[in-house]
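Worksheet: one structure, shown below.
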Amino acid sequence: NNNETEAKIWLKKKGFKDAENRMSRESKNVIFGIKENNGRLVTIGVSCETDFVANTELFRDLSTNLLNSAVNNSQTLSESTIIKDSNNILFNNVTISDALKTVISKTGENCRLLLSENLELEKNNILGIYLHGNYNLTNFSPQASYTVLSYTKKDTNNTHLDVKESEILKKLAYCLSMQIVAMNPFYISSSDISSENKDLQISIITERLKNSDKNFADKKENIVKKILDNSLLKYY
């Protein structure tokens with residue numbers, strides 16, 4: 001009927017419908033955003049299907065806007081929040097749900113907000129953020145980690161850190177974050193490992209050692225235990 005306004009609405013609806021169909025597709029290309037603002041630490045993970053889309057301005061703008069929205073929003077943003085409250089969570093005058101659908105319809109790839117976490121930092125916390133590589137997008141990287149240290153001073157009359165103490169702890173927090181990215185551990189503490197998982201890994205490591213060391217069966221029990229313990233530490 002030559003109605004331009006109705007045509008634009010139809011196209012938008014069709015684009016969103018196509019986007020909804022694509023939202024079931026797997027998106028393995030993930031970047032992580034970490035940002036601290038006024039004592040609140042926010043982390044998000046945003047994904048798409050290919051490197052090509054990950055490097056587009058459209059996807060990068062979406063990721064930056066999602067991170068800033070999470071920083072400015074008092075509640076934790078997550079996929080469940082978006083689905084449940086998609087009409088109330090806004091940035092740039094559109095809902096987060098619609099923003100994702102817009103990028104999906106324009107790129108032809110599924111894009112998702114995988115996670116979002118908020119952490120209120122205490123006065124005695126020291127933060128270290130490590131973003132691996134040169135992703136060329138502020139606060140983002142495909143590999144990222146953060147460490148929050150808590151300190152207690154022996155001198156109860158002076159609980160504040162001096163400049164040197166602060167710099168030492170900041171460097172420690174940064175280095176720990178860097179090691180976390182490098183090692184990619186599955187658990188924070190050995191106490192978090194389930195007995196089933198531990199038994200499974202021991203059986204895998206034992207079989208591997210038997211195949212690589214013909215004398216493995218003749219080793220003493222305490223030697224075998226030490227080898228297995230060291231191998232488990234490397235794995236986790």
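Letters for chains follow the order of the structure tokens (A, B, ...), residue numbers begin at 1 for each chain, and ligand numbers begin at 1 in the order shown.
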
Next on the checklist: Considering only alpha helix (DSSP H) as DSSP defines it on the backbone, what residues of range 38-204 of chain A qualify? List them as a PyMOL selection string.
Outcome noted: chain A and resi 51-54+57-72+79-84+96-107+163-183+195-204

Checklist entry - Mind checking DSSP for range 16-226 of chain A and telling me the strand (DSSP E) residues as a VMD selection string? => result chain A and resid 29 to 37 40 to 48 90 to 91 94 to 95 112 to 120 125 to 131 140 to 141 144 to 150

How would the residues just chosen look if you wrote them out with N, CA and C atoms as a short mmCIF file (atom, residue, chain, number, x, y, z; two decimals), in the first residue's frame?
data_model
loop_
_atom_site.label_atom_id
_atom_site.label_comp_id
_atom_site.auth_asym_id
_atom_site.auth_seq_id
_atom_site.Cartn_x
_atom_site.Cartn_y
_atom_site.Cartn_z
N ASN A 29 32.37 -18.26 20.04
CA ASN A 29 33.37 -17.19 20.06
C ASN A 29 33.01 -16.19 21.16
N VAL A 30 33.75 -16.23 22.25
CA VAL A 30 33.37 -15.47 23.46
C VAL A 30 34.43 -14.42 23.79
N ILE A 31 33.96 -13.23 24.16
CA ILE A 31 34.86 -12.23 24.74
C ILE A 31 34.32 -11.86 26.13
N PHE A 32 35.24 -11.52 27.01
CA PHE A 32 34.87 -11.18 28.39
C PHE A 32 35.20 -9.72 28.68
N GLY A 33 34.27 -9.06 29.33
CA GLY A 33 34.47 -7.67 29.71
C GLY A 33 34.53 -7.54 31.23
N ILE A 34 35.50 -6.78 31.73
CA ILE A 34 35.65 -6.55 33.18
C ILE A 34 35.84 -5.06 33.41
N LYS A 35 35.06 -4.51 34.33
CA LYS A 35 35.17 -3.07 34.59
C LYS A 35 34.83 -2.78 36.05
N GLU A 36 35.63 -1.90 36.65
CA GLU A 36 35.39 -1.47 38.04
C GLU A 36 34.96 -0.01 38.04
N ASN A 37 33.92 0.28 38.80
CA ASN A 37 33.42 1.65 38.86
C ASN A 37 32.87 1.94 40.25
N ARG A 40 32.47 -1.03 42.58
CA ARG A 40 31.67 -2.16 42.09
C ARG A 40 32.33 -2.75 40.86
N LEU A 41 32.56 -4.07 40.91
CA LEU A 41 33.20 -4.77 39.81
C LEU A 41 32.15 -5.52 39.01
N VAL A 42 32.18 -5.33 37.70
CA VAL A 42 31.21 -5.97 36.81
C VAL A 42 31.95 -6.79 35.77
N THR A 43 31.50 -8.01 35.53
CA THR A 43 32.06 -8.85 34.47
C THR A 43 30.92 -9.35 33.59
N ILE A 44 31.16 -9.41 32.29
CA ILE A 44 30.18 -9.98 31.37
C ILE A 44 30.89 -10.85 30.35
N GLY A 45 30.14 -11.76 29.76
CA GLY A 45 30.63 -12.57 28.65
C GLY A 45 29.65 -12.46 27.50
N VAL A 46 30.15 -12.12 26.33
CA VAL A 46 29.31 -11.96 25.14
C VAL A 46 29.85 -12.87 24.05
N SER A 47 28.96 -13.55 23.35
CA SER A 47 29.43 -14.51 22.35
C SER A 47 28.78 -14.29 20.99
N CYS A 48 29.49 -14.78 19.96
CA CYS A 48 28.96 -14.84 18.60
C CYS A 48 29.51 -16.12 17.98
N LEU A 90 17.23 -1.22 29.86
CA LEU A 90 17.46 -0.43 28.66
C LEU A 90 18.88 0.10 28.56
N PHE A 91 19.35 0.29 27.35
CA PHE A 91 20.49 1.14 27.07
C PHE A 91 20.28 1.69 25.66
N VAL A 94 16.77 1.28 23.94
CA VAL A 94 16.22 -0.01 23.50
C VAL A 94 16.47 -1.05 24.58
N THR A 95 15.65 -2.09 24.58
CA THR A 95 15.87 -3.16 25.55
C THR A 95 17.10 -3.97 25.15
N ARG A 112 24.96 -13.74 22.04
CA ARG A 112 24.34 -13.98 23.35
C ARG A 112 25.10 -13.27 24.46
N LEU A 113 24.36 -12.88 25.48
CA LEU A 113 24.96 -12.45 26.75
C LEU A 113 25.00 -13.69 27.62
N LEU A 114 26.21 -14.23 27.80
CA LEU A 114 26.36 -15.52 28.48
C LEU A 114 26.33 -15.41 29.99
N LEU A 115 26.93 -14.36 30.51
CA LEU A 115 27.00 -14.21 31.96
C LEU A 115 27.16 -12.75 32.31
N SER A 116 26.77 -12.43 33.52
CA SER A 116 27.01 -11.10 34.05
C SER A 116 27.03 -11.19 35.56
N GLU A 117 28.09 -10.65 36.14
CA GLU A 117 28.27 -10.73 37.60
C GLU A 117 28.57 -9.34 38.16
N ASN A 118 28.06 -9.09 39.33
CA ASN A 118 28.35 -7.86 40.06
C ASN A 118 29.00 -8.20 41.39
N LEU A 119 30.02 -7.46 41.75
CA LEU A 119 30.68 -7.69 43.03
C LEU A 119 30.96 -6.35 43.69
N GLU A 120 30.45 -6.18 44.89
CA GLU A 120 30.71 -4.97 45.67
C GLU A 120 32.04 -5.14 46.40
N ASN A 125 39.76 -4.37 50.18
CA ASN A 125 39.98 -5.20 48.99
C ASN A 125 40.96 -4.53 48.02
N ILE A 126 41.80 -5.35 47.42
CA ILE A 126 42.70 -4.90 46.36
C ILE A 126 42.34 -5.69 45.10
N LEU A 127 42.14 -4.98 44.00
CA LEU A 127 41.69 -5.61 42.76
C LEU A 127 42.82 -5.68 41.73
N GLY A 128 42.90 -6.83 41.07
CA GLY A 128 43.83 -6.99 39.96
C GLY A 128 43.10 -7.57 38.76
N ILE A 129 43.16 -6.90 37.61
CA ILE A 129 42.48 -7.35 36.39
C ILE A 129 43.52 -7.66 35.33
N TYR A 130 43.38 -8.81 34.69
CA TYR A 130 44.29 -9.17 33.59
C TYR A 130 43.48 -9.49 32.34
N LEU A 131 43.74 -8.76 31.26
CA LEU A 131 43.13 -9.00 29.96
C LEU A 131 44.22 -9.48 29.01
N PHE A 140 37.95 -5.43 27.33
CA PHE A 140 37.54 -6.74 26.82
C PHE A 140 38.73 -7.57 26.35
N SER A 141 38.55 -8.91 26.42
CA SER A 141 39.52 -9.84 25.89
C SER A 141 38.89 -11.23 25.80
N ALA A 144 40.32 -13.51 30.04
CA ALA A 144 40.40 -12.47 31.08
C ALA A 144 40.16 -13.08 32.45
N SER A 145 40.69 -12.40 33.44
CA SER A 145 40.50 -12.86 34.81
C SER A 145 40.67 -11.69 35.78
N TYR A 146 40.12 -11.84 36.96
CA TYR A 146 40.35 -10.83 38.00
C TYR A 146 40.59 -11.52 39.34
N THR A 147 41.32 -10.86 40.20
CA THR A 147 41.59 -11.35 41.55
C THR A 147 41.28 -10.24 42.54
N VAL A 148 40.58 -10.60 43.60
CA VAL A 148 40.30 -9.66 44.67
C VAL A 148 40.98 -10.15 45.95
N LEU A 149 41.92 -9.37 46.45
CA LEU A 149 42.62 -9.71 47.69
C LEU A 149 42.02 -8.92 48.85
N SER A 150 41.95 -9.56 50.01
CA SER A 150 41.54 -8.87 51.24
C SER A 150 42.74 -8.82 52.17
#

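One distance worth recording is that between CA of Asn184 in chain A and CA of Asn55 in chain A, which is 24.0 Å.
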
Checklist outcome for this item: Across A:Leu58, A:Leu161, A:Ile188, A:Val224, the smallest distance to Lys123 in chain A, with only C-alpha atoms counted, is shown by A:Leu161

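For the pair CA of His160 in chain A and CA of Glu122 in chain A, the interatomic distance is 12.7 Å.
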